[in-house]
file start-v5.txt (compact mmCIF, C-alpha atoms)
# COMPACT_ATOMS: atom_id res chain seq x y z
CA MET A 1 128.42 161.11 -14.75
CA SER A 2 130.49 158.32 -13.19
CA LYS A 3 129.33 159.17 -9.63
CA PRO A 4 125.75 158.20 -10.01
CA ASP A 5 126.85 154.81 -11.29
CA ASN A 6 128.86 154.21 -8.16
CA ILE A 7 126.00 155.29 -5.99
CA ASN A 8 123.66 152.84 -7.62
CA GLU A 9 126.12 149.96 -7.28
CA LYS A 10 126.68 150.32 -3.52
CA PRO A 11 123.18 149.43 -2.34
CA GLN A 12 123.27 146.35 -4.51
CA GLU A 13 126.39 145.15 -2.72
CA GLU A 14 124.77 145.82 0.64
CA ILE A 15 121.72 143.89 -0.46
CA LYS A 16 123.93 140.98 -1.42
CA LYS A 17 125.74 141.07 1.92
CA ALA A 18 122.57 141.16 4.10
CA PRO A 19 121.49 137.51 3.67
CA GLU A 20 124.99 136.40 4.44
CA ALA A 21 124.86 138.29 7.77
CA GLU A 22 121.57 136.61 8.65
CA GLU A 23 123.06 133.24 7.98
CA ILE A 24 125.98 134.02 10.27
CA ASN A 25 123.62 135.11 13.12
CA GLU A 26 121.54 131.96 12.86
CA GLY A 27 124.67 129.89 13.01
CA ASP A 28 125.80 131.60 16.23
CA THR A 29 122.37 131.12 17.98
CA ARG A 30 121.81 127.40 17.40
CA PRO A 31 124.90 126.20 19.33
CA SER A 32 123.84 128.14 22.49
CA TYR A 33 120.43 126.40 22.57
CA ALA A 34 122.08 123.07 22.08
CA LYS A 35 124.41 123.74 24.99
CA LYS A 36 121.47 124.54 27.28
CA ARG A 37 119.67 121.37 26.29
CA VAL A 38 122.70 119.37 27.42
CA ILE A 39 123.79 121.33 30.49
CA VAL A 40 120.40 121.65 32.27
CA PRO A 41 119.54 117.90 32.24
CA THR A 42 123.09 117.09 33.23
CA ILE A 43 122.96 119.40 36.24
CA THR A 44 119.52 118.05 37.19
CA ALA A 45 120.76 114.48 36.96
CA ILE A 46 123.77 115.33 39.10
CA ILE A 47 121.50 116.95 41.71
CA PHE A 48 119.22 113.92 41.81
CA LEU A 49 122.23 111.62 42.00
CA ILE A 50 123.71 113.56 44.89
CA ALA A 51 120.31 113.65 46.62
CA GLY A 52 119.87 109.94 46.05
CA ILE A 53 123.30 109.19 47.47
CA TYR A 54 122.58 111.42 50.45
CA PHE A 55 119.24 109.78 51.20
CA MET A 56 120.74 106.33 50.74
CA ILE A 57 123.53 107.09 53.22
CA HIS A 58 121.02 108.80 55.49
CA SER A 59 118.70 105.78 55.42
CA ILE A 60 121.59 103.53 56.42
CA HIS A 61 122.44 105.61 59.48
CA PHE A 62 118.98 106.93 60.43
CA GLN A 63 115.45 105.56 60.65
CA GLU A 64 112.39 107.76 61.01
CA THR A 65 108.60 107.46 60.96
CA ASP A 66 105.64 109.82 60.99
CA ASP A 67 103.49 107.18 62.71
CA ALA A 68 104.43 108.42 66.17
CA PHE A 69 102.62 110.19 68.96
CA VAL A 70 103.27 111.66 72.38
CA GLU A 71 102.05 109.28 75.08
CA GLY A 72 101.52 109.60 78.83
CA HIS A 73 99.65 108.14 81.78
CA ILE A 74 96.12 109.56 81.83
CA ILE A 75 94.67 108.74 85.24
CA SER A 76 90.89 108.54 85.32
CA VAL A 77 89.32 109.58 88.62
CA ALA A 78 86.07 107.85 89.67
CA PRO A 79 84.22 107.69 93.02
CA ARG A 80 84.14 104.58 95.20
CA VAL A 81 80.83 105.60 96.79
CA SER A 82 77.71 107.21 95.37
CA GLY A 83 76.01 110.45 96.39
CA PRO A 84 75.58 114.12 95.50
CA VAL A 85 78.69 116.27 95.01
CA ILE A 86 78.67 119.06 97.59
CA LYS A 87 82.11 120.51 96.83
CA LEU A 88 84.03 120.77 93.54
CA LEU A 89 87.43 122.33 94.04
CA VAL A 90 89.04 122.06 90.57
CA ASP A 91 88.40 123.34 87.07
CA ASP A 92 89.49 122.36 83.55
CA ASN A 93 93.27 122.39 82.92
CA GLN A 94 93.97 123.31 86.54
CA PRO A 95 97.30 122.02 87.91
CA VAL A 96 97.03 119.85 91.03
CA LYS A 97 99.46 118.17 93.37
CA LYS A 98 99.21 114.63 94.63
CA GLY A 99 96.93 114.58 97.69
CA ASP A 100 95.05 117.79 96.86
CA LEU A 101 91.31 117.60 97.61
CA ILE A 102 89.44 117.52 94.29
CA LEU A 103 85.82 117.10 95.29
CA GLU A 104 83.62 115.95 98.17
CA ILE A 105 80.49 113.79 98.17
CA ASP A 106 77.78 114.34 100.80
CA PRO A 107 78.99 112.29 103.83
CA LYS A 108 75.80 112.30 105.94
CA ASP A 109 74.51 108.86 104.94
CA TYR A 110 77.93 107.34 105.53
CA GLU A 111 78.29 109.03 108.92
CA VAL A 112 74.95 107.51 109.99
CA ALA A 113 75.97 104.07 108.72
CA LEU A 114 79.24 104.31 110.66
CA ALA A 115 77.41 105.28 113.87
CA GLN A 116 75.08 102.28 113.51
CA LYS A 117 77.95 99.86 113.02
CA GLU A 118 79.84 101.29 115.98
CA ALA A 119 76.72 100.87 118.18
CA LYS A 120 76.38 97.22 117.19
CA LEU A 121 80.06 96.69 117.88
CA ALA A 122 79.71 98.19 121.35
CA GLU A 123 76.74 95.89 122.01
CA ALA A 124 78.72 92.86 120.94
CA LYS A 125 81.61 93.86 123.19
CA ALA A 126 79.19 94.15 126.11
CA GLY A 127 77.97 90.63 125.36
CA LEU A 128 81.56 89.45 125.36
CA ASN A 129 82.08 90.95 128.81
CA ILE A 130 78.99 89.09 130.11
CA ALA A 131 80.27 85.84 128.61
CA GLU A 132 83.66 86.35 130.23
CA LYS A 133 82.00 86.95 133.63
CA GLU A 134 79.94 83.78 133.21
CA ILE A 135 83.12 81.88 132.42
CA ASN A 136 84.79 83.18 135.55
CA HIS A 137 81.69 82.26 137.61
CA ALA A 138 81.53 78.78 136.06
CA GLN A 139 85.24 78.23 136.64
CA ALA A 140 84.87 79.24 140.29
CA GLY A 141 81.84 76.91 140.68
CA LEU A 142 83.74 74.10 139.02
CA LYS A 143 86.66 74.59 141.34
CA GLN A 144 84.38 74.58 144.38
CA SER A 145 82.46 71.52 143.21
CA THR A 146 85.75 69.69 142.61
CA GLU A 147 86.80 70.48 146.17
CA ASP A 148 83.37 69.40 147.43
CA ILE A 149 83.64 66.10 145.59
CA THR A 150 87.01 65.44 147.19
CA SER A 151 85.58 66.24 150.65
CA THR A 152 82.35 64.30 150.21
CA ALA A 153 84.21 61.35 148.76
CA SER A 154 86.34 61.20 151.88
CA LYS A 155 83.31 61.47 154.12
CA LEU A 156 81.49 58.81 152.13
CA ASP A 157 84.41 56.46 152.43
CA PHE A 158 84.51 57.01 156.21
CA ALA A 159 80.71 56.55 156.48
CA GLN A 160 80.88 53.31 154.49
CA LYS A 161 83.61 51.89 156.70
CA ASP A 162 81.85 53.08 159.85
CA HIS A 163 78.54 51.58 158.73
CA LYS A 164 80.22 48.26 157.93
CA ARG A 165 81.86 48.21 161.37
CA TYR A 166 78.58 48.95 163.15
CA THR A 167 76.78 46.41 161.01
CA ASP A 168 79.22 43.69 162.00
CA MET A 169 79.06 44.75 165.65
CA TYR A 170 75.27 44.86 165.52
CA LYS A 171 75.11 41.34 164.13
CA GLU A 172 77.33 40.11 166.96
CA GLY A 173 75.23 41.99 169.50
CA ILE A 174 78.06 44.25 170.53
CA SER A 175 76.52 47.55 169.33
CA SER A 176 73.02 48.83 169.86
CA LYS A 177 70.30 49.27 167.28
CA GLN A 178 70.57 53.05 167.62
CA GLU A 179 74.28 53.07 166.82
CA TYR A 180 73.62 50.87 163.81
CA ASP A 181 70.86 53.21 162.58
CA ASN A 182 73.02 56.27 163.12
CA SER A 183 75.84 54.78 161.00
CA LYS A 184 73.34 53.92 158.29
CA THR A 185 71.95 57.47 158.31
CA ASN A 186 75.44 58.95 158.18
CA LEU A 187 76.20 56.74 155.17
CA THR A 188 73.06 57.87 153.37
CA VAL A 189 73.82 61.53 154.06
CA ALA A 190 77.43 61.14 152.94
CA ALA A 191 76.34 59.43 149.71
CA ALA A 192 73.76 62.15 149.03
CA ASN A 193 76.31 64.89 149.66
CA HIS A 194 78.80 63.24 147.34
CA LYS A 195 76.19 62.86 144.59
CA ALA A 196 75.13 66.50 145.01
CA ALA A 197 78.75 67.59 144.68
CA GLN A 198 79.04 65.57 141.46
CA GLU A 199 75.86 67.17 140.10
CA ARG A 200 77.19 70.63 140.91
CA GLN A 201 80.40 69.75 139.11
CA LYS A 202 78.47 68.71 135.99
CA ALA A 203 76.39 71.91 136.15
CA SER A 204 79.55 74.02 136.48
CA GLU A 205 81.16 72.21 133.53
CA SER A 206 78.02 72.72 131.42
CA LEU A 207 77.88 76.40 132.36
CA LEU A 208 81.57 76.77 131.56
CA GLN A 209 81.14 75.18 128.12
CA SER A 210 78.10 77.32 127.40
CA SER A 211 79.89 80.48 128.50
CA LYS A 212 82.89 79.63 126.37
CA ALA A 213 80.61 79.08 123.36
CA LYS A 214 79.02 82.47 124.00
CA LYS A 215 82.46 84.05 124.22
CA THR A 216 83.54 82.44 120.95
CA ALA A 217 80.35 83.62 119.24
CA SER A 218 80.78 87.10 120.69
CA GLU A 219 84.38 87.27 119.53
CA ALA A 220 83.36 86.21 116.00
CA GLU A 221 80.56 88.77 116.00
CA ILE A 222 82.96 91.44 117.19
CA LYS A 223 85.41 90.63 114.39
CA ARG A 224 82.60 90.81 111.85
CA LEU A 225 81.33 94.10 113.22
CA GLU A 226 84.86 95.52 113.43
CA ALA A 227 85.22 94.73 109.72
CA GLU A 228 81.90 96.44 109.04
CA VAL A 229 82.98 99.46 111.07
CA GLN A 230 86.24 99.58 109.12
CA GLU A 231 84.27 99.37 105.87
CA ALA A 232 81.95 102.15 107.05
CA LYS A 233 84.97 104.29 107.91
CA LEU A 234 86.46 103.64 104.49
CA ASN A 235 83.19 104.54 102.78
CA LEU A 236 83.09 107.74 104.78
CA SER A 237 86.68 108.54 103.79
CA TYR A 238 85.82 107.85 100.13
CA THR A 239 83.44 110.80 100.16
CA LYS A 240 86.54 112.97 99.81
CA ILE A 241 88.40 112.42 96.54
CA TYR A 242 92.04 113.48 96.32
CA ALA A 243 94.39 113.94 93.36
CA PRO A 244 96.16 110.62 92.72
CA GLN A 245 99.15 112.27 91.02
CA ASP A 246 100.67 115.62 90.08
CA GLY A 247 99.31 116.90 86.79
CA LEU A 248 96.61 118.86 85.02
CA ILE A 249 92.85 118.33 85.26
CA THR A 250 91.25 117.30 81.97
CA ASN A 251 88.09 115.58 80.66
CA ARG A 252 86.08 116.99 83.58
CA SER A 253 82.44 115.91 83.32
CA VAL A 254 81.27 116.51 86.91
CA GLU A 255 79.65 119.62 88.33
CA GLN A 256 78.77 120.54 91.88
CA GLY A 257 75.35 119.12 92.71
CA ASN A 258 75.62 116.12 90.38
CA TYR A 259 74.65 112.73 91.82
CA VAL A 260 77.54 110.42 91.02
CA GLN A 261 77.64 106.63 90.94
CA VAL A 262 80.38 104.21 91.90
CA ALA A 263 83.07 103.91 89.15
CA GLN A 264 81.56 106.78 87.13
CA PRO A 265 84.40 108.68 85.37
CA LEU A 266 84.45 112.22 86.73
CA LEU A 267 87.69 113.68 85.39
CA SER A 268 91.26 112.77 84.45
CA VAL A 269 94.65 113.84 85.73
CA VAL A 270 97.42 114.03 83.13
CA PRO A 271 100.92 113.94 84.69
CA GLU A 272 103.72 116.07 83.25
CA LYS A 273 105.87 113.05 82.40
CA VAL A 274 105.38 112.07 78.75
CA TRP A 275 107.20 109.92 76.21
CA ILE A 276 106.81 108.89 72.57
CA ILE A 277 105.41 105.72 71.05
CA ALA A 278 106.77 105.40 67.50
CA ASN A 279 105.38 102.63 65.28
CA PHE A 280 108.33 101.66 63.09
CA LYS A 281 108.07 99.16 60.26
CA GLU A 282 109.57 95.81 61.12
CA THR A 283 112.11 96.36 58.33
CA GLN A 284 113.40 99.45 60.14
CA LEU A 285 114.28 97.61 63.35
CA THR A 286 117.28 95.64 62.06
CA ASN A 287 119.88 97.83 63.75
CA MET A 288 117.67 99.61 66.29
CA ARG A 289 118.64 99.13 69.94
CA PRO A 290 117.74 100.70 73.32
CA GLY A 291 119.99 103.61 74.17
CA GLN A 292 120.36 104.96 70.64
CA PRO A 293 120.00 108.76 70.27
CA VAL A 294 116.88 110.20 68.69
CA GLU A 295 116.10 113.58 67.14
CA ILE A 296 112.45 114.45 67.67
CA LYS A 297 110.39 116.81 65.54
CA ILE A 298 107.06 117.90 66.99
CA ASP A 299 104.45 119.53 64.77
CA THR A 300 103.68 122.11 67.46
CA TYR A 301 107.30 123.34 67.46
CA PRO A 302 108.49 123.00 63.83
CA SER A 303 111.72 124.94 64.38
CA LYS A 304 112.78 122.96 67.46
CA ARG A 305 114.56 119.60 67.48
CA PHE A 306 114.25 117.74 70.77
CA LYS A 307 116.78 115.20 72.01
CA GLY A 308 115.60 111.73 72.93
CA GLU A 309 116.71 108.15 73.36
CA VAL A 310 115.28 104.74 72.48
CA ASN A 311 114.03 103.31 75.76
CA SER A 312 112.61 99.95 74.71
CA ILE A 313 111.11 98.00 71.82
CA GLN A 314 107.82 96.20 72.33
CA ARG A 315 107.99 92.40 72.22
CA ALA A 316 105.01 92.15 69.89
CA THR A 317 103.72 93.98 66.85
CA GLY A 318 100.96 96.51 67.26
CA ALA A 319 98.49 94.22 65.49
CA LYS A 320 99.37 91.23 67.68
CA ALA A 321 99.00 93.26 70.85
CA SER A 322 95.62 94.67 69.80
CA LEU A 323 92.31 93.64 71.34
CA PHE A 324 91.45 91.50 68.31
CA PRO A 325 94.72 90.15 66.83
CA PRO A 326 94.54 88.95 63.22
CA GLU A 327 94.01 85.25 62.49
CA ASN A 328 95.94 84.28 59.37
CA ALA A 329 94.85 80.65 59.00
CA VAL A 330 91.86 81.32 56.76
CA GLY A 331 93.66 80.84 53.43
CA SER A 332 93.34 84.44 52.20
CA TYR A 333 96.51 85.71 53.81
CA VAL A 334 98.16 88.80 52.33
CA LYS A 335 101.56 89.70 53.70
CA ILE A 336 101.66 93.19 55.17
CA VAL A 337 104.67 94.89 56.65
CA GLN A 338 103.93 95.06 60.36
CA ARG A 339 104.71 97.92 62.70
CA VAL A 340 106.30 97.54 66.11
CA PRO A 341 105.84 100.17 68.86
CA VAL A 342 109.10 101.68 70.11
CA LYS A 343 109.20 103.72 73.30
CA ILE A 344 111.31 106.89 73.10
CA VAL A 345 112.02 109.11 76.09
CA PHE A 346 113.05 112.74 76.14
CA LYS A 347 116.62 113.45 77.22
CA GLU A 348 116.12 117.13 77.93
CA ASP A 349 113.89 119.30 80.08
CA ILE A 350 110.59 119.88 78.28
CA SER A 351 108.71 121.52 81.15
CA ASN A 352 108.71 124.85 79.31
CA TYR A 353 106.97 123.33 76.29
CA ASN A 354 103.34 122.35 75.98
CA ILE A 355 103.91 118.73 74.96
CA VAL A 356 100.84 116.64 75.79
CA PRO A 357 99.67 113.10 74.99
CA GLY A 358 98.26 112.67 71.50
CA MET A 359 100.54 115.13 69.68
CA SER A 360 102.03 114.02 66.37
CA VAL A 361 105.82 113.70 66.20
CA VAL A 362 108.48 112.51 63.75
CA PRO A 363 111.35 110.76 65.55
CA GLU A 364 114.63 110.04 63.75
CA VAL A 365 116.74 107.31 65.33
CA LYS A 366 120.47 107.13 64.71
CA VAL A 367 120.96 103.39 64.25
CA ARG A 368 124.64 103.55 63.19
call {"tool": "encode", "arguments": {"input": "start-v5.txt", "output": "structure tokens"}}
result
Amino acid sequence: MSKPDNINEKPQEEIKKAPEAEEINEGDTRPSYAKKRVIVPTITAIIFLIAGIYFMIHSIHFQETDDAFVEGHIISVAPRVSGPVIKLLVDDNQPVKKGDLILEIDPKDYEVALAQKEAKLAEAKAGLNIAEKEINHAQAGLKQSTEDITSTASKLDFAQKDHKRYTDMYKEGISSKQEYDNSKTNLTVAAANHKAAQERQKASESLLQSSKAKKTASEAEIKRLEAEVQEAKLNLSYTKIYAPQDGLITNRSVEQGNYVQVAQPLLSVVPEKVWIIANFKETQLTNMRPGQPVEIKIDTYPSKRFKGEVNSIQRATGAKASLFPPENAVGSYVKIVQRVPVKIVFKEDISNYNIVPGMSVVPEVKVR
């Protein structure tokens, strides 16, 4: 009968021991939660501290900006004469070499204009030849009249002396009336001949001056017409438009058959040479200098880092160099951190990459 009593007592002991076990389990669990609440924030704080130290050190040695773009010379091609386009030899994004023929404007009107100017020039040159012949003729006449004056002056002097001698002899009765009359006639003829020679000399001088004036006018006219012929030749040459630089055709707005006007943009040529304009804050330029290395990230090639170099720093902020710079004398001035354009050039061959003006980049300059 003692067994049953023992059996009944055992469960009661187990029942008494069960709450104690629960208390022990709760006590073991609470310290582990407490440890996690301490360790996780501590690790997070350490990570942020390390990251902060890294970025602080990085900001001391490097400066970067996302306000940067690929830049390049975009050459706009426009005609210098008007007319219909009869040949268009390029298409969008086509590569061209400097001097390649791009398009041709109808040259007929300009060929006619050139022919007319050349005809007028030939006419003016013919007039110059006539003026030169007149000058030669006038110079010869002047020379002859000068010689005639010398001769007639000598004859007049002799006739005057002879007439005076016969006059004196006639008064004394030594010479006859006929001899006296002959000497008087010879004097009259000699005087007339001398006067005629002087008149011819004046006429030759007048003709010479007139011919020289014609020559001067013809020479001026020839120079003017030569300039017009040169202009007509240039206009004719402008009917053919050539590529101004190596590059790719872009922004093409012309088609064969279009009538184009002077200075009308037809297309653009974008050369292969490009660089970067990065607009750094003025506070980032303290230690920035030309020649410093640059690591360049381009959105088009996210896994590639290009090598570059600071080429130059603009001597004015972007706002000051704009078309309408700000005027800060109105009394409502608010200080804003300005940005200064910095030119960065590539220091590696990028011909195998499609890097074109306007692309977004993130340059990182090593300033220390």
call {"tool": "closest_residue", "arguments": {"input": "start-v5.txt", "among": "A:Ser176, A:Gln201, A:Gln314, A:Gln116", "to": "Leu225 in chain A", "atoms": "all atoms listed in the file"}}
result
A:Gln116
call {"tool": "residues_around", "arguments": {"input": "start-v5.txt", "residues": "Ala191 in chain A", "least_positions_apart": "3", "cutoff": "10 Å", "atoms": "all atoms listed in the file", "output": "number ranges by chain"}}
result
A: 152-153, 155-157, 159-160, 185-188, 194-197
call {"tool": "residues_around", "arguments": {"input": "start-v5.txt", "residues": "Glu205 in chain A", "least_positions_apart": "5", "cutoff": "12 Å", "atoms": "all atoms listed in the file", "output": "list in words"}}
result
Glu134, Ile135, Asn136, His137, Ala138, Gln139, Ala140, Gly141, Leu142, Lys143, Gln144, Ser145, Thr146, Gln198, Glu199, Arg200, Ser210, Ser211 and Lys212 of chain A
call {"tool": "closest_residue", "arguments": {"input": "start-v5.txt", "among": "A:Ile344, A:Ala51, A:Ala192, A:Ile102", "to": "Arg252 in chain A", "atoms": "only C-alpha atoms"}}
result
A:Ile102
call {"tool": "atom_distance", "arguments": {"input": "start-v5.txt", "atom1": "CA of Gly83 in chain A", "atom2": "CA of Gly99 in chain A"}}
result
21.4 Å
call {"tool": "closest_residue", "arguments": {"input": "start-v5.txt", "among": "A:Gly358, A:Pro325, A:Gly291, A:Gly247", "to": "Val96 in chain A", "atoms": "only C-alpha atoms"}}
result
A:Gly247
call {"tool": "closest_residue", "arguments": {"input": "start-v5.txt", "among": "A:Pro265, A:Pro95, A:Pro293, A:Pro341", "to": "Gly308 in chain A", "atoms": "only C-alpha atoms"}}
result
A:Pro293
call {"tool": "atom_distance", "arguments": {"input": "start-v5.txt", "atom1": "CA of Lys108 in chain A", "atom2": "CA of Glu123 in chain A"}}
result
23.0 Å
call {"tool": "atom_distance", "arguments": {"input": "start-v5.txt", "atom1": "CA of Ile350 in chain A", "atom2": "CA of Glu295 in chain A"}}
result
13.9 Å
call {"tool": "closest_residue", "arguments": {"input": "start-v5.txt", "among": "A:Val362, A:Leu49, A:Leu121, A:Leu234", "to": "Tyr301 in chain A", "atoms": "only C-alpha atoms"}}
result
A:Val362
call {"tool": "residues_near_point", "arguments": {"input": "start-v5.txt", "point": "(83.7, 107.7, 107.2)", "cutoff": "8 Å", "atoms": "only C-alpha atoms", "output": "list in words"}}
result
Pro107, Tyr110, Glu111, Leu114, Ala232, Lys233, Leu234, Asn235, Leu236, Ser237, Tyr238 and Thr239 of chain A
call {"tool": "write_last_selection", "arguments": {"input": "start-v5.txt", "atoms": "C-alpha atoms", "output": "compact mmCIF listing (two decimals), in the coordinates of the input"}}
result
# COMPACT_ATOMS: atom_id res chain seq x y z
CA PRO A 107 78.99 112.29 103.83
CA TYR A 110 77.93 107.34 105.53
CA GLU A 111 78.29 109.03 108.92
CA LEU A 114 79.24 104.31 110.66
CA ALA A 232 81.95 102.15 107.05
CA LYS A 233 84.97 104.29 107.91
CA LEU A 234 86.46 103.64 104.49
CA ASN A 235 83.19 104.54 102.78
CA LEU A 236 83.09 107.74 104.78
CA SER A 237 86.68 108.54 103.79
CA TYR A 238 85.82 107.85 100.13
CA THR A 239 83.44 110.80 100.16
call {"tool": "closest_residue", "arguments": {"input": "start-v5.txt", "among": "A:Ala213, A:Ile105, A:Val310, A:Leu128", "to": "Lys347 in chain A", "atoms": "only C-alpha atoms"}}
result
A:Val310
call {"tool": "residues_around", "arguments": {"input": "start-v5.txt", "residues": "range 270-285 of chain A", "least_positions_apart": "5", "cutoff": "7 Å", "atoms": "only C-alpha atoms", "output": "list of chain:residue names"}}
result
A:Gln63, A:Thr65, A:Asp67, A:Ala68, A:Phe69, A:Val70, A:Glu71, A:Gly72, A:His73, A:Ile74, A:Ile75, A:Gln245, A:Asp246, A:Gly247, A:Leu248, A:Ile249, A:Val337, A:Gln338, A:Arg339, A:Val340, A:Pro341, A:Val342, A:Lys343, A:Ile344, A:Val345, A:Phe346, A:Pro357
